[in-house]
$ cat protein.cif   # mmCIF, C-alpha atoms and all ligand atoms
data_input
loop_
_atom_site.label_atom_id
_atom_site.label_comp_id
_atom_site.auth_asym_id
_atom_site.auth_seq_id
_atom_site.Cartn_x
_atom_site.Cartn_y
_atom_site.Cartn_z
CA MET O 30 104.13 77.14 161.14
CA LYS O 31 107.11 75.41 159.50
CA THR O 32 108.72 72.22 160.82
CA VAL O 33 111.85 70.24 159.79
CA TYR O 34 111.45 70.79 156.05
CA SER O 35 110.13 74.04 154.63
CA ASN O 36 107.27 72.31 152.78
CA ILE O 37 105.97 70.51 155.89
CA TYR O 38 103.45 72.61 157.82
CA SER O 39 101.70 72.04 161.10
CA PHE O 40 97.99 72.66 160.83
CA ASN O 41 96.74 76.12 161.81
CA LYS O 42 94.73 78.92 160.19
CA LYS O 43 97.62 80.10 158.06
CA ALA O 44 98.40 76.59 156.80
CA LEU O 45 94.71 75.98 156.10
CA LYS O 46 94.51 79.13 153.99
CA LYS O 47 97.64 78.22 152.09
CA THR O 48 96.35 74.69 151.42
CA LEU O 49 92.93 75.90 150.22
CA LYS O 50 94.55 78.44 147.93
CA SER O 51 96.86 75.87 146.48
CA LEU O 52 94.10 73.30 145.87
CA ASN O 53 91.93 76.02 144.32
CA GLN O 54 94.73 76.69 141.85
CA ASP O 55 94.98 73.03 140.76
CA SER O 56 98.13 72.35 142.78
CA LEU O 57 98.54 69.23 144.89
CA ALA O 58 99.00 68.84 148.64
CA GLY O 59 100.08 65.96 150.88
CA LEU O 60 97.35 65.64 153.50
CA PRO O 61 96.74 63.42 156.52
CA THR O 62 93.77 61.08 156.82
CA GLU O 63 93.02 58.50 159.51
CA THR O 64 94.16 55.66 157.21
CA VAL O 65 97.28 56.86 155.36
CA TYR O 66 98.47 60.21 153.96
CA GLY O 67 96.97 61.22 150.63
CA LEU O 68 98.14 63.14 147.58
CA ALA O 69 95.22 65.52 147.10
CA GLY O 70 93.97 67.51 144.11
CA ASN O 71 90.67 68.90 142.78
CA ALA O 72 88.68 65.90 141.49
CA TYR O 73 86.76 68.17 139.09
CA SER O 74 89.91 69.51 137.43
CA ARG O 75 91.66 67.73 134.56
CA LYS O 76 94.81 69.67 135.32
CA ALA O 77 94.97 68.63 138.97
CA VAL O 78 94.06 65.02 138.20
CA GLU O 79 96.76 64.75 135.55
CA LYS O 80 99.29 66.05 138.08
CA ILE O 81 98.33 63.28 140.52
CA PHE O 82 98.97 60.54 137.95
CA LYS O 83 102.23 62.14 136.92
CA PHE O 84 103.54 62.66 140.46
CA LYS O 85 102.81 59.06 141.42
CA LYS O 86 103.84 57.58 138.06
CA ARG O 87 100.50 55.84 138.29
CA SER O 88 98.88 53.89 135.47
CA LYS O 89 96.06 55.87 133.84
CA LYS O 90 93.95 52.71 134.10
CA ASN O 91 93.96 52.83 137.90
CA PRO O 92 91.13 55.11 139.13
CA LEU O 93 91.40 57.44 142.13
CA ILE O 94 89.20 57.64 145.24
CA VAL O 95 87.17 60.85 145.46
CA HIS O 96 86.84 62.28 149.00
CA TYR O 97 83.89 64.32 150.31
CA TYR O 98 82.86 66.09 153.51
CA ASN O 99 79.46 64.39 153.54
CA PHE O 100 77.05 62.46 151.28
CA GLU O 101 75.14 65.56 150.24
CA ASP O 102 78.26 66.90 148.56
CA ALA O 103 78.41 63.68 146.50
CA LYS O 104 74.81 63.45 145.36
CA ASN O 105 75.36 64.90 141.87
CA ASP O 106 78.40 62.71 141.25
CA VAL O 107 77.13 59.21 142.14
CA ILE O 108 73.95 57.18 142.37
CA PHE O 109 73.26 56.13 145.95
CA ASN O 110 71.47 52.90 146.88
CA LYS O 111 70.08 51.32 150.05
CA HIS O 112 73.28 49.49 150.87
CA PHE O 113 75.21 52.74 150.70
CA PHE O 114 72.97 54.43 153.25
CA LYS O 115 73.21 51.48 155.65
CA PHE O 116 77.00 51.74 155.64
CA TYR O 117 77.04 55.53 155.64
CA LYS O 118 74.94 55.69 158.82
CA LYS O 119 77.10 53.20 160.71
CA LEU O 120 80.61 53.84 159.45
CA CYS O 121 80.98 57.35 158.06
CA PRO O 122 83.00 59.40 158.29
CA GLY O 123 85.54 56.61 158.49
CA PRO O 124 87.99 54.23 156.81
CA ILE O 125 85.71 52.80 154.12
CA THR O 126 85.42 53.49 150.38
CA PHE O 127 82.32 52.76 148.29
CA VAL O 128 82.27 51.99 144.58
CA LEU O 129 79.04 53.35 143.12
CA LYS O 130 77.63 54.06 139.68
CA LYS O 131 78.44 57.47 138.26
CA ASN O 132 75.68 60.04 138.05
CA LYS O 133 75.20 61.47 134.55
CA LYS O 134 75.46 64.97 136.07
CA THR O 135 78.86 64.25 137.60
CA LYS O 136 81.58 66.87 137.45
CA ILE O 137 84.33 64.40 138.36
CA ASP O 138 87.04 64.48 135.76
CA ASN O 139 86.86 61.44 133.52
CA PHE O 140 90.56 60.68 133.99
CA ALA O 141 90.13 60.49 137.79
CA THR O 142 87.85 57.48 137.33
CA ALA O 143 89.96 55.97 134.51
CA LYS O 144 86.95 56.56 132.26
CA LEU O 145 84.89 53.91 134.12
CA ASN O 146 81.17 54.36 134.69
CA THR O 147 81.75 53.86 138.43
CA VAL O 148 83.35 56.06 141.11
CA ALA O 149 85.01 55.17 144.41
CA ILE O 150 84.02 57.66 147.13
CA ARG O 151 85.13 58.08 150.73
CA PHE O 152 84.34 60.32 153.70
CA PRO O 153 87.50 60.47 155.81
CA SER O 154 87.16 61.13 159.55
CA ASN O 155 90.50 62.80 160.28
CA ARG O 156 89.88 66.30 161.68
CA ILE O 157 92.35 68.06 159.38
CA ILE O 158 91.14 66.58 156.12
CA ARG O 159 87.53 67.18 157.19
CA THR O 160 88.23 70.85 157.85
CA ILE O 161 89.84 71.20 154.43
CA LEU O 162 86.97 69.38 152.65
CA LYS O 163 84.42 71.55 154.45
CA TYR O 164 85.90 74.74 153.01
CA LEU O 165 86.41 73.52 149.45
CA LYS O 166 83.79 73.78 146.69
CA PHE O 167 84.94 70.51 145.13
CA PRO O 168 85.85 67.00 146.34
CA LEU O 169 89.45 65.76 146.50
CA ALA O 170 90.86 63.01 144.34
CA MET O 171 93.34 61.49 146.75
CA PRO O 172 95.38 58.34 146.31
CA SER O 173 97.91 57.38 148.94
CA ALA O 174 100.85 59.82 148.80
CA ASN O 175 103.48 57.38 147.58
CA ARG O 176 105.03 56.62 144.23
CA SER O 177 103.14 53.85 142.49
CA SER O 178 103.65 50.30 143.89
CA ARG O 179 105.54 51.52 147.00
CA LEU O 180 104.48 51.60 150.64
CA SER O 181 101.80 54.09 151.67
CA PRO O 182 102.99 56.93 153.93
CA VAL O 183 101.79 57.17 157.53
CA SER O 184 103.54 60.41 158.54
CA ALA O 185 104.37 63.78 156.98
CA LEU O 186 108.03 62.76 156.81
CA ASP O 187 107.09 59.61 154.88
CA VAL O 188 105.35 61.83 152.32
CA PHE O 189 108.41 64.06 152.15
CA GLU O 190 110.57 61.00 151.43
CA GLU O 191 108.35 60.13 148.47
CA PHE O 192 108.14 63.51 146.73
CA LYS O 193 110.73 65.73 148.47
CA LYS O 194 110.33 69.42 147.55
CA LYS O 195 108.33 68.66 144.39
CA LEU O 196 105.27 68.81 146.60
CA LYS O 197 104.79 72.41 147.81
CA ILE O 198 102.61 71.62 150.82
CA ILE O 199 102.59 68.68 153.21
CA ILE O 200 100.38 69.06 156.27
CA ASP O 201 101.70 67.34 159.38
CA GLY O 202 98.84 65.54 161.12
CA GLY O 203 101.04 63.19 163.14
CA LYS O 204 101.05 59.44 162.69
CA SER O 205 98.04 58.01 160.81
CA ARG O 206 95.78 56.44 163.43
CA ILE O 207 94.78 53.39 161.38
CA GLY O 208 97.92 53.00 159.31
CA ILE O 209 96.59 50.98 156.35
CA GLU O 210 94.33 52.04 153.47
CA SER O 211 90.54 52.05 153.66
CA THR O 212 88.39 48.99 153.01
CA VAL O 213 87.06 49.25 149.43
CA ILE O 214 83.61 47.78 148.85
CA ASP O 215 81.81 47.49 145.54
CA LEU O 216 78.13 48.43 145.92
CA THR O 217 77.20 48.49 142.24
CA GLU O 218 76.00 44.87 142.44
CA ARG O 219 75.73 42.59 145.44
CA PRO O 220 78.24 44.08 147.94
CA LYS O 221 81.74 42.75 147.57
CA ILE O 222 85.01 43.70 149.26
CA LEU O 223 87.63 44.73 146.69
CA ARG O 224 90.34 45.71 149.19
CA PRO O 225 90.36 44.49 152.82
CA GLY O 226 90.95 47.04 155.59
CA ILE O 227 90.35 47.74 159.27
CA ILE O 228 86.61 47.55 158.70
CA SER O 229 86.46 43.81 158.25
CA LEU O 230 84.24 41.35 156.41
CA ASN O 231 82.53 40.57 159.74
CA ASP O 232 81.77 44.24 160.46
CA ILE O 233 80.26 44.49 157.00
CA LYS O 234 78.18 41.31 157.31
CA LYS O 235 76.74 42.59 160.58
CA ILE O 236 75.59 45.81 158.94
CA LEU O 237 74.14 44.12 155.87
CA LYS O 238 72.64 41.32 157.97
CA THR O 239 73.37 38.98 155.04
CA ASP O 240 76.33 37.31 153.45
CA LEU O 241 78.44 39.00 150.81
CA SER O 242 78.72 38.02 147.21
CA LYS O 243 81.09 35.08 146.75
CA LYS O 244 81.05 35.61 143.02
CA LYS O 245 83.93 37.44 141.50
CA SER O 246 82.72 40.99 141.06
CA SER O 247 82.58 41.95 137.40
CA ILE O 248 84.60 45.00 138.40
CA LYS O 249 87.77 44.65 140.38
CA ALA O 250 89.88 47.32 141.99
CA PRO O 251 92.25 47.93 139.11
CA GLY O 252 94.84 49.07 141.62
CA MET O 253 94.94 45.73 143.38
CA MET O 254 97.70 44.38 141.19
CA LYS O 255 99.85 41.83 142.89
CA LYS O 256 103.09 43.82 142.89
CA HIS O 257 102.24 46.55 145.34
CA TYR O 258 103.34 47.90 148.70
CA TYR O 259 106.95 47.03 147.83
CA PRO O 260 109.27 48.22 150.60
CA GLY O 261 112.38 48.18 148.37
CA ILE O 262 113.83 44.90 149.73
CA PRO O 263 112.57 41.29 149.43
CA VAL O 264 109.80 40.20 151.79
CA ILE O 265 109.59 36.49 152.68
CA ILE O 266 106.52 35.21 154.50
CA GLY O 267 106.33 32.36 157.02
CA LYS O 268 110.08 31.79 157.42
CA LYS O 269 112.66 32.79 160.03
CA PRO O 270 115.57 35.09 159.17
CA GLU O 271 118.81 33.37 158.16
CA ASN O 272 121.15 35.87 159.81
CA SER O 273 121.25 39.23 161.58
CA ASN O 274 121.29 41.18 158.29
CA HIS O 275 117.70 40.08 157.94
CA ALA O 276 114.85 41.75 159.77
CA TYR O 277 112.08 39.66 161.32
CA ILE O 278 108.55 41.04 161.57
CA VAL O 279 106.76 39.26 164.42
CA PHE O 280 103.46 39.48 166.25
CA GLY O 281 102.60 38.68 169.89
CA ARG O 282 104.23 37.97 173.24
CA LYS O 283 106.31 34.90 172.56
CA PHE O 284 109.06 36.69 170.60
CA LYS O 285 112.31 37.89 172.12
CA ASN O 286 113.59 41.45 171.95
CA ASN O 287 116.37 40.63 169.46
CA LYS O 288 117.82 43.65 167.68
CA ASN O 289 116.57 42.50 164.27
CA TYR O 290 113.08 41.58 165.56
CA PHE O 291 110.30 44.09 164.95
CA ASN O 292 107.09 43.37 166.82
CA LEU O 293 103.88 44.65 165.19
CA SER O 294 102.07 44.24 168.49
CA LYS O 295 103.48 42.70 171.66
CA LYS O 296 100.00 42.42 173.12
CA ALA O 297 98.80 40.60 169.97
CA ASP O 298 96.34 43.35 169.02
CA LEU O 299 95.65 43.22 165.26
CA LYS O 300 94.55 46.87 165.08
CA GLU O 301 97.78 47.98 166.69
CA ALA O 302 99.66 45.69 164.30
CA ALA O 303 98.00 47.30 161.26
CA ALA O 304 98.86 50.76 162.58
CA ASN O 305 102.53 49.75 162.91
CA LEU O 306 102.93 47.79 159.66
CA TYR O 307 104.10 50.43 157.16
CA LYS O 308 106.01 52.39 159.80
CA ILE O 309 107.99 49.29 160.74
CA MET O 310 108.64 48.29 157.11
CA ARG O 311 110.01 51.76 156.34
CA LYS O 312 112.16 51.66 159.49
CA ILE O 313 113.62 48.26 158.53
CA LYS O 314 114.54 49.53 155.07
CA LYS O 315 116.16 52.66 156.51
CA LYS O 316 118.25 50.63 158.96
CA GLY O 317 119.83 48.88 156.00
CA TYR O 318 118.50 45.33 156.42
CA LYS O 319 118.76 43.28 153.25
CA LYS O 320 115.59 41.19 153.56
CA ILE O 321 112.40 41.10 155.61
CA PHE O 322 111.08 37.82 157.02
CA VAL O 323 107.60 37.68 158.44
CA SER O 324 106.20 35.30 161.07
CA LYS O 325 102.59 34.10 160.96
CA ILE O 326 99.91 36.69 161.57
CA PRO O 327 96.38 35.51 162.44
CA ASN O 328 94.19 35.77 159.35
CA LEU O 329 91.10 37.25 160.94
CA GLY O 330 89.62 40.75 161.34
CA PRO O 331 92.31 43.36 160.56
CA GLY O 332 94.74 40.45 160.16
CA ILE O 333 93.20 39.77 156.74
CA ALA O 334 94.18 43.27 155.59
CA ILE O 335 97.68 42.94 157.09
CA ASN O 336 98.28 39.59 155.37
CA ASP O 337 96.92 41.00 152.09
CA ARG O 338 99.47 43.86 152.17
CA LEU O 339 102.34 41.57 153.21
CA PHE O 340 101.48 39.07 150.50
CA ARG O 341 101.54 41.80 147.84
CA ALA O 342 104.76 43.23 149.27
CA SER O 343 106.33 39.78 148.88
CA LYS O 344 105.60 39.57 145.12
O1 LIG R 1 92.65 54.97 152.75
C1 LIG R 1 92.58 55.26 151.56
O2 LIG R 1 91.69 54.82 150.81
C2 LIG R 1 93.64 56.22 151.00
C3 LIG R 1 93.43 57.59 151.64
C4 LIG R 1 94.39 58.63 151.14
O3 LIG R 1 92.10 58.01 151.48
N1 LIG R 1 93.58 56.27 149.57
C5 LIG R 1 93.99 55.23 148.79
O4 LIG R 1 93.91 55.47 147.42
O5 LIG R 1 94.37 54.18 149.23
P1 LIG R 1 94.67 54.57 146.34
O6 LIG R 1 94.55 55.31 145.07
O7 LIG R 1 96.03 54.29 146.81
O8 LIG R 1 93.81 53.27 146.25
C6 LIG R 1 92.54 53.30 145.64
C7 LIG R 1 92.04 51.92 145.33
C8 LIG R 1 92.80 51.33 144.15
O9 LIG R 1 93.00 49.94 144.40
C9 LIG R 1 91.84 51.57 142.99
O10 LIG R 1 92.02 50.66 141.94
C10 LIG R 1 90.50 51.40 143.67
O11 LIG R 1 90.67 52.00 144.93
N2 LIG R 1 89.42 52.10 142.92
C11 LIG R 1 89.29 53.42 142.70
N3 LIG R 1 88.21 53.67 141.92
C12 LIG R 1 87.64 52.48 141.65
C13 LIG R 1 86.50 52.07 140.90
N4 LIG R 1 85.73 52.93 140.26
N5 LIG R 1 86.23 50.75 140.84
C14 LIG R 1 87.00 49.86 141.50
N6 LIG R 1 88.09 50.18 142.22
C15 LIG R 1 88.41 51.47 142.29
MG MG R 2 97.85 53.37 147.14
#

$ encode --input "protein.cif" --output "structure tokens"
Amino acid sequence: MKTVYSNIYSFNKKALKKTLKSLNQDSLAGLPTETVYGLAGNAYSRKAVEKIFKFKKRSKKNPLIVHYYNFEDAKNDVIFNKHFFKFYKKLCPGPITFVLKKNKKTKIDNFATAKLNTVAIRFPSNRIIRTILKYLKFPLAMPSANRSSRLSPVSALDVFEEFKKKLKIIIDGGKSRIGIESTVIDLTERPKILRPGIISLNDIKKILKTDLSKKKSSIKAPGMMKKHYYPGIPVIIGKKPENSNHAYIVFGRKFKNNKNYFNLSKKADLKEAAANLYKIMRKIKKKGYKKIFVSKIPNLGPGIAINDRLFRASK
């Protein structure tokens, strides 16, 4: 059941039991989802929620996403609306997060939502996290399992690098299939994307059959501060590297196989590029490069989410 490090477990009955026990006792666990790995704790427990903020060194003003097995489990915590059900039918479980108004009956700890009257909820599709959610009697508050403002982890080892042995359980679910965080959409007023992701503006327009709000939403994702996703070395967009101590992130066929070139997708597939983005940035840092240069990446579909993350990483 144990792999390289004693707190990384492959997923089986024994690991499931251990994880459930730990979450039931207000401890945290590093768990896989289809987007990125999460740092999970009981969303109804003040003690667990406080641990999440402390572990991540996260600002108390930045609310957490609450994860459920299905919408029925969320009905006492939020107020659903027609837009929600349209998206739920088409996209859930999957890589999308909905901001909804809080239900007065909610049991979600007030700190988890940074004392807002809204809650961000998500129904992840990854088999492991779904199994865990199915057995729990509470939803999981689960931000990405990284220290605040750093890159999100896309493997169990990435999570280990962030928290080492401080985290008692990390479940190894392999490489995250999608590789960037969920799309966050505000549904409290006219739908508005707060954080771009693999589910793109176009996908969302098709489901709504109307345009999205162009107005600035009165609520923003408080976590979308500009300095975010920092890989630990400077990131420079739209320029070529000056020397071989600099890594070059590229996209598409036309680039050579130089040692310091890292191709997000040789076949110019934006989904593949998103899945490789954080993995490649971590690899570049580990190899000791001093700076990261990034070539142009098409700003459409998943490319919008990739450029958003790169832009923030460059701040
Ligand atoms: O893919 C994901 O969403 C991953 C996996 C683990 O599920 N989770 C994740 O959580 O990315 P986190 O905490 O790293 O990002 C949550 C984002 C932040 O930008 C936060 O400000 C925003 O969601 N958010 C949470 N609650 C909100 C609310 N009530 N209103 C607006 N934005 C909210
Ligand atoms: Mg995060």

$ closest_residue --input "protein.cif" --among "O:Leu52, O:Ile157, O:Ile81, O:Ala149" --to "ligand LIG 1 (chain R)" --atoms "all atoms listed in the file"
O:Ala149

$ closest_residue --input "protein.cif" --among "O:Lys118, O:Arg206, O:Lys83, O:Lys295" --to "Phe280 (chain O)" --atoms "all atoms listed in the file"
O:Lys295

$ atom_distance --input "protein.cif" --atom1 "CA of Pro172 (chain O)" --atom2 "atom C4 of ligand LIG 1 (chain R)"
4.9 Å

$ closest_residue --input "protein.cif" --among "O:His257, O:Lys85, O:Lys76, O:Lys315" --to "Asp138 (chain O)" --atoms "all atoms listed in the file"
O:Lys76

$ closest_residue --input "protein.cif" --among "O:Asn274, O:Thr160, O:Ser154, O:Ser184" --to "Arg311 (chain O)" --atoms "all atoms listed in the file"
O:Ser184

$ residues_around --input "protein.cif" --residues "Ile326 (chain O)" --least-positions-apart "4" --cutoff "12 Å" --atoms "all atoms listed in the file" --output "MDAnalysis selection string"
chainID O and resid 266:267 278:281 292:294 297:299 302:303 306 330:340

$ write_last_selection --input "protein.cif" --atoms "C-alpha atoms" --output "tab-separated table (two decimals), in the frame of the given file"
chain	number	residue	atom	x	y	z
O	266	ILE	CA	106.52	35.21	154.50
O	267	GLY	CA	106.33	32.36	157.02
O	278	ILE	CA	108.55	41.04	161.57
O	279	VAL	CA	106.76	39.26	164.42
O	280	PHE	CA	103.46	39.48	166.25
O	281	GLY	CA	102.60	38.68	169.89
O	292	ASN	CA	107.09	43.37	166.82
O	293	LEU	CA	103.88	44.65	165.19
O	294	SER	CA	102.07	44.24	168.49
O	297	ALA	CA	98.80	40.60	169.97
O	298	ASP	CA	96.34	43.35	169.02
O	299	LEU	CA	95.65	43.22	165.26
O	302	ALA	CA	99.66	45.69	164.30
O	303	ALA	CA	98.00	47.30	161.26
O	306	LEU	CA	102.93	47.79	159.66
O	330	GLY	CA	89.62	40.75	161.34
O	331	PRO	CA	92.31	43.36	160.56
O	332	GLY	CA	94.74	40.45	160.16
O	333	ILE	CA	93.20	39.77	156.74
O	334	ALA	CA	94.18	43.27	155.59
O	335	ILE	CA	97.68	42.94	157.09
O	336	ASN	CA	98.28	39.59	155.37
O	337	ASP	CA	96.92	41.00	152.09
O	338	ARG	CA	99.47	43.86	152.17
O	339	LEU	CA	102.34	41.57	153.21
O	340	PHE	CA	101.48	39.07	150.50

$ residues_near_ligand --input "protein.cif" --ligand "ligand LIG 1 (chain R)" --cutoff "8 Å" --atoms "only C-alpha atoms and all ligand atoms" --output "PyMOL selection string"
chain O and resi 60-68+91-94+96+124-126+128-129+142-143+145-151+153+171-174+181+209-213+215+223-224+248-254

$ atom_distance --input "protein.cif" --atom1 "CA of Phe189 (chain O)" --atom2 "CA of Lys316 (chain O)"
18.0 Å

$ atom_distance --input "protein.cif" --atom1 "CA of Lys319 (chain O)" --atom2 "CA of His275 (chain O)"
5.8 Å

$ residues_around --input "protein.cif" --residues "Phe84 (chain O)" --least-positions-apart "3" --cutoff "12 Å" --atoms "only C-alpha atoms" --output "PyMOL selection string"
chain O and resi 56-59+68-70+77-81+87-88+172-177+191-196

$ closest_residue --input "protein.cif" --among "O:Arg159, O:Gln54, O:Pro182, O:Lys119" --to "ligand MG 2 (chain R)" --atoms "all atoms listed in the file"
O:Pro182

$ closest_residue --input "protein.cif" --among "O:Ser229, O:Ser324, O:Thr217, O:Ser178" --to "ligand MG 2 (chain R)" --atoms "all atoms listed in the file"
O:Ser178

$ residues_near_point --input "protein.cif" --point "(74.8, 44.5, 154.1)" --cutoff "10 Å" --atoms "all atoms listed in the file" --output "short mmCIF file (atom, residue, chain, number, x, y, z; two decimals) with C-alpha atoms, in the coordinates of the input"
data_model
loop_
_atom_site.label_atom_id
_atom_site.label_comp_id
_atom_site.auth_asym_id
_atom_site.auth_seq_id
_atom_site.Cartn_x
_atom_site.Cartn_y
_atom_site.Cartn_z
CA LYS O 111 70.08 51.32 150.05
CA HIS O 112 73.28 49.49 150.87
CA PHE O 113 75.21 52.74 150.70
CA LYS O 115 73.21 51.48 155.65
CA PHE O 116 77.00 51.74 155.64
CA LEU O 216 78.13 48.43 145.92
CA ARG O 219 75.73 42.59 145.44
CA PRO O 220 78.24 44.08 147.94
CA LYS O 221 81.74 42.75 147.57
CA ASP O 232 81.77 44.24 160.46
CA ILE O 233 80.26 44.49 157.00
CA LYS O 234 78.18 41.31 157.31
CA LYS O 235 76.74 42.59 160.58
CA ILE O 236 75.59 45.81 158.94
CA LEU O 237 74.14 44.12 155.87
CA LYS O 238 72.64 41.32 157.97
CA THR O 239 73.37 38.98 155.04
CA ASP O 240 76.33 37.31 153.45
CA LEU O 241 78.44 39.00 150.81
#
